[in-house]
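> First, the structure itself, so that you have it in front of you.
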2 protein chains.
Amino acid sequence: MNNFDLKSYLAERRELVEKALAEFLPPADDYGRNLLEAMRYSLFAGGKRLRPILCLAGCEAVGGSLEQAMPAAVALEMIHTYSLIHDDLPGMDDDDLRRGRPTNHKVFGVGMAVLAGDGLLNEGLGLLAMAAVSGRIDPVRAMAALDVIARAAGHRGMVGGQAMDIESEGRAVDGGVLEYIHTHKTGALLIASVKSGAILGGGDPERVAALEAYGRGIGLAFQIVDDILDIEGDTASLGKTVGADQARGKATYPAVYGLDAAKAEARRLIGEALAALNGFGGEAAPLRAIADYLLTRKK
Amino acid sequence: MNNFDLKSYLAERRELVEKALAEFLPPADDYGRNLLEAMRYSLFAGGKRLRPILCLAGCEAVGGSLEQAMPAAVALEMIHTYSLIHDDLPGMDDDDLRRGRPTNHKVFGVGMAVLAGDGLLNEGLGLLAMAAVSGRIDPVRAMAALDVIARAAGHRGMVGGQAMDIESEGRAVDGGVLEYIHTHKTGALLIASVKSGAILGGGDPERVAALEAYGRGIGLAFQIVDDILDIEGDTASLGKTVGADQARGKATYPAVYGLDAAKAEARRLIGEALAALNGFGGEAAPLRAIADYLLTRKK
């Protein structure tokens with residue numbers, strides 16, 4: 001533990017991110033009005049903004065500025081939000097509730113929800129190019145960061161993990177399949193968040209690799225804690241139905257290894273993440289505090 | 001008319017594009033197998049490859065090489081294919097047949113079809129970054145081209161047009177809404193195809209603007225001819241059901257202005273596209289021949 005005031009830090013960072021999101025995706029007053037409303041409904045649904053905050057923290061940990069990482073931070077939240085909208089669709093997880101509110105397709109219809117997700121993914125992946133063309137960020141770093149983010153988001157990453165997740169539903173899965181789902185569905189984009197920030201901040205290859213290792217540890221731990229909360233958490237603070245994974249026969253770490261082993265594994269992974277930061281000083285204090293928080297969070 | 005042998009040209013270019021698509025999206029033999037199969041099912045369904053061919057032709061019209069434009073060409077076909085998969089979904093157009101074969105969700109299920117589309121969009125938008133990072137194309141041009149493509153594909157372009165299209169179904173639409181749908185849903189990505197090719201080939205701003213004007217003409221004409229073929233074409237050569245737009249109460253140019261006015265407008269737009277090429281010599285012969293072909297095509 002350290003003396004870092006994480007609560008104030010997260011609140012301040014969230015506010016910066018909210019402002020940037022609003023700047024990068026303003027409402028429309030023309031023909032695109034309804035589509036933008038659907039995109040903004042899910043983007044401004046009160047998320048933790050964990051991926052943007054990790055991206056900004058990764059950038060600052062290598063001595064970069066917030067401005068250098070902000071377009072990627074915004075892009076990551078758009079990409080994360082698109083994945084939630086599509087995951088909730090009928091034919092996917094078919095969920096009615098997300099963050100305590102009706103899911104996107106429940107409000108706007110299935111067709112518009114598909115398009116709202118598509119619009120957010122497009123905008124997210126295009127955003128680094130837009131920022132580079134306008135001179136806001138360096139084009140070579142922007143390309144390297146985008147390469148990392150797009151690989152993590154696509155079939156080699158998040159989309160691949162989600163595909164395996166729906167394929168495995170209701171089936172007995174082994175540790176290999178479970179690890180594939182975890183590392184791809186959630187882990188990949190969390191790793192990309194820290195790593196892309198480090199790249200945009202101009203980190204040297206060793207520092208980028210160390211932050212990638214940090215991302216790997218917290219990424220896997222995050223998903224295991226999520227699965228634990230689905231069993232031990234309460235619906236009110238989570239904003240989604242507890243026990244939904246179990247009811248659906250989802251492949252989860254506690255289901256395969258048991259609750260105690262899941263908790264031990266989460267602790268071990270957070271330890272690995274912290275160890276990866278050994279070469280960093282106070283500039284990585286936020287990343288250390290975030291790792292601790294991810295292990296002990298209740299929602 | 002000119003002496004350019006369009007048929008051989010298109011066949012040769014299609015073969016180059018097929019090879020590049022296969023190189024950029026090989027099948028998987030691991031956990032991602034089924035997702036890749038779904039992505040490849042629609043990507044290799046025998047499309048005309050119009051967008052890649054326009055991109056390559058735009059690049060060559062400004063003196064660029066095929067290698068410079070190929071990653072964008074592949075990206076454009078992936079993005080086009082993703083849009084077809086999602087357009088065909090229940091809640092969207094809910095189509096069973098595409099290019100004479102069952103639509104993606106009919107074969108792989110709705111969830112996997114959503115993800116196959118997501119995977120193709122991710123891969124397409126990430127591809128220019130991947131090519132730039134590996135040194136295959138110039139990073140500054142890659143960013144400029146990606147900016148053009150992402151804007152054309154997202155809520156400012158194709159996704160916006162599709163949203164308005166489903167919002168307008170079964171309602172009386174005026175000329176303003178119709179033009180919005182046409183320019184956004186189909187026109188934007190066709191313009192981006194020629195323009196991104198010109199940017200990647202190193203075209204100066206005037207040539208890029210001329211090719212953008214060409215793209216605008218053929219882009220709108222293409223959609224009008226599509227709508228005409230939905231009335232006058234035959235199901236066998238189109239590979240989709242004739243009269244589907246009418247049955248669904250879709251906003252089409254012939255429905256709003258009548259068939260004769262639609263044909264006249266398509267001719268006028270192709271004339272404008274050809275006029276935009278006046279400053280070009282033989283290097284734009286393929287683009288001229290393609291414009292003529294788009295007006296007279298039967299499928």
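Ordering of the structure tokens sets the chain letters (A, B, ...); residue numbers start at 1 within each chain; ligands are numbered from 1 in the order shown.
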Counting only C-alpha atoms, which residues of chain B come no farther than 8 Å from chain A, as a ChimeraX atom specification?
/B:31-32,35-36,86,90-92,109-112,114-115,118-123,125-127,129-130,132-133,139-140,143-144,146-147,150-151,153-156,159-160,162-164,166,177,180
> If we count only C-alpha atoms, what is near range 282-288 of chain B at a cut-off of 8 Å, once residues fewer than 5 positions away on the same chain are taken out, given as a short mmCIF file (atom, residue, chain, number, x, y, z; two decimals) with N, CA and C atoms, in the first residue's frame?

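Here's the written file out26.cif:
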```
data_model
loop_
_atom_site.label_atom_id
_atom_site.label_comp_id
_atom_site.auth_asym_id
_atom_site.auth_seq_id
_atom_site.Cartn_x
_atom_site.Cartn_y
_atom_site.Cartn_z
N PHE B 4 -10.18 0.91 -74.21
CA PHE B 4 -9.69 0.21 -73.03
C PHE B 4 -10.44 -1.11 -72.83
N LEU B 6 -11.87 -3.24 -70.63
CA LEU B 6 -12.27 -3.23 -69.22
C LEU B 6 -12.43 -4.64 -68.66
N TYR B 9 -9.18 -6.09 -67.77
CA TYR B 9 -8.65 -5.29 -66.67
C TYR B 9 -9.30 -5.69 -65.34
N LEU B 54 -11.26 0.43 -57.42
CA LEU B 54 -11.26 1.90 -57.50
C LEU B 54 -10.08 2.49 -56.73
N ALA B 57 -6.98 1.94 -58.78
CA ALA B 57 -7.02 2.80 -59.97
C ALA B 57 -6.77 4.26 -59.60
N GLY B 58 -7.29 4.68 -58.44
CA GLY B 58 -7.05 6.05 -57.96
C GLY B 58 -5.58 6.28 -57.69
N GLU B 60 -3.02 4.62 -59.08
CA GLU B 60 -2.28 4.62 -60.36
C GLU B 60 -2.56 5.88 -61.18
N ALA B 61 -3.75 6.45 -61.03
CA ALA B 61 -4.08 7.67 -61.77
C ALA B 61 -3.18 8.84 -61.38
N VAL B 62 -2.62 8.80 -60.16
CA VAL B 62 -1.71 9.88 -59.74
C VAL B 62 -0.25 9.43 -59.82
N GLY B 63 -0.01 8.28 -60.46
CA GLY B 63 1.36 7.83 -60.65
C GLY B 63 1.89 6.92 -59.55
N LEU B 274 -16.94 11.79 -65.31
CA LEU B 274 -15.99 11.79 -66.44
C LEU B 274 -15.37 13.18 -66.61
N LEU B 277 -12.34 14.04 -64.64
CA LEU B 277 -11.07 13.42 -65.06
C LEU B 277 -10.42 14.16 -66.23
#
```
> Could you tell me how far CA of Ser168 in chain A lies from CA of Thr252 in chain A, in Å and to one decimal?
10.7 Å
> As an exercise, work out the distance from CA of Tyr253 in chain B to CA of Asp227 in chain B in Å and give it to one decimal place.
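Interatomic distance here is 6.8 Å.
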> Looking at only C-alpha atoms, which of A:Val225, A:Gly215, A:His184, A:Leu178 is the one that sits closest to Val256 in chain A?
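Smallest separation from Val256 in chain A among the options: A:Leu178.
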> Neighbours of Tyr257 in chain A within 12 Å (only C-alpha atoms; same-chain residues fewer than 5 positions away dropped), as a PDB file with C-alpha atoms, in the first residue's frame?

```pdb
ATOM      1  CA  VAL A 173     -14.862 -25.899 -20.841  1.00  0.00           C
ATOM      2  CA  ASP A 174     -11.287 -26.733 -19.881  1.00  0.00           C
ATOM      3  CA  GLY A 175      -8.633 -24.377 -18.526  1.00  0.00           C
ATOM      4  CA  LEU A 178     -11.164 -20.411 -20.241  1.00  0.00           C
ATOM      5  CA  GLU A 179      -7.752 -18.742 -20.486  1.00  0.00           C
ATOM      6  CA  ILE A 224     -11.379 -13.194 -12.529  1.00  0.00           C
ATOM      7  CA  ASP A 227     -16.456 -13.545 -12.243  1.00  0.00           C
ATOM      8  CA  ILE A 228     -16.083 -13.630  -8.446  1.00  0.00           C
ATOM      9  CA  ALA A 251     -17.210 -20.341 -18.613  1.00  0.00           C
ATOM     10  CA  THR A 252     -15.764 -18.574 -15.548  1.00  0.00           C
ATOM     11  CA  ALA A 262      -9.913 -17.946  -8.198  1.00  0.00           C
ATOM     12  CA  LYS A 263      -9.201 -15.491  -5.382  1.00  0.00           C
ATOM     13  CA  ALA A 264      -5.648 -16.796  -4.968  1.00  0.00           C
ATOM     14  CA  GLU A 265      -5.028 -16.498  -8.721  1.00  0.00           C
TER      15      GLU A 265
END
```
> In terms of the shortest atom-to-atom distance over only C-alpha atoms, which of A:Asp245, A:Asp165, A:Glu272, A:Asp260 is closest to Leu220 in chain A?
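Counting only C-alpha atoms, the residue closest to Leu220 in chain A is A:Glu272.
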> Can you pull out every residue from range 56-276 of chain A that DSSP, working from the backbone, puts in strand (DSSP E or B), and format the result as a CSV table (one decimal) with N, CA, C and O atoms, in the first residue's frame?

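Contents of the output file part_22.csv:
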```csv
chain,number,residue,atom,x,y,z
A,97,LEU,N,-30.3,-5.3,-19.0
A,97,LEU,CA,-29.9,-4.3,-18.0
A,97,LEU,C,-28.4,-4.2,-18.1
A,97,LEU,O,-27.6,-5.1,-18.2
A,98,ARG,N,-27.9,-2.9,-18.1
A,98,ARG,CA,-26.4,-2.6,-18.2
A,98,ARG,C,-26.2,-1.4,-17.4
A,98,ARG,O,-26.8,-0.4,-17.7
A,101,ARG,N,-29.3,0.5,-16.2
A,101,ARG,CA,-30.2,1.1,-17.2
A,101,ARG,C,-30.6,0.0,-18.3
A,101,ARG,O,-29.8,-0.9,-18.5
A,102,PRO,N,-31.7,0.2,-19.0
A,102,PRO,CA,-32.0,-0.7,-20.1
A,102,PRO,C,-30.9,-0.7,-21.1
A,102,PRO,O,-30.3,0.4,-21.3
```
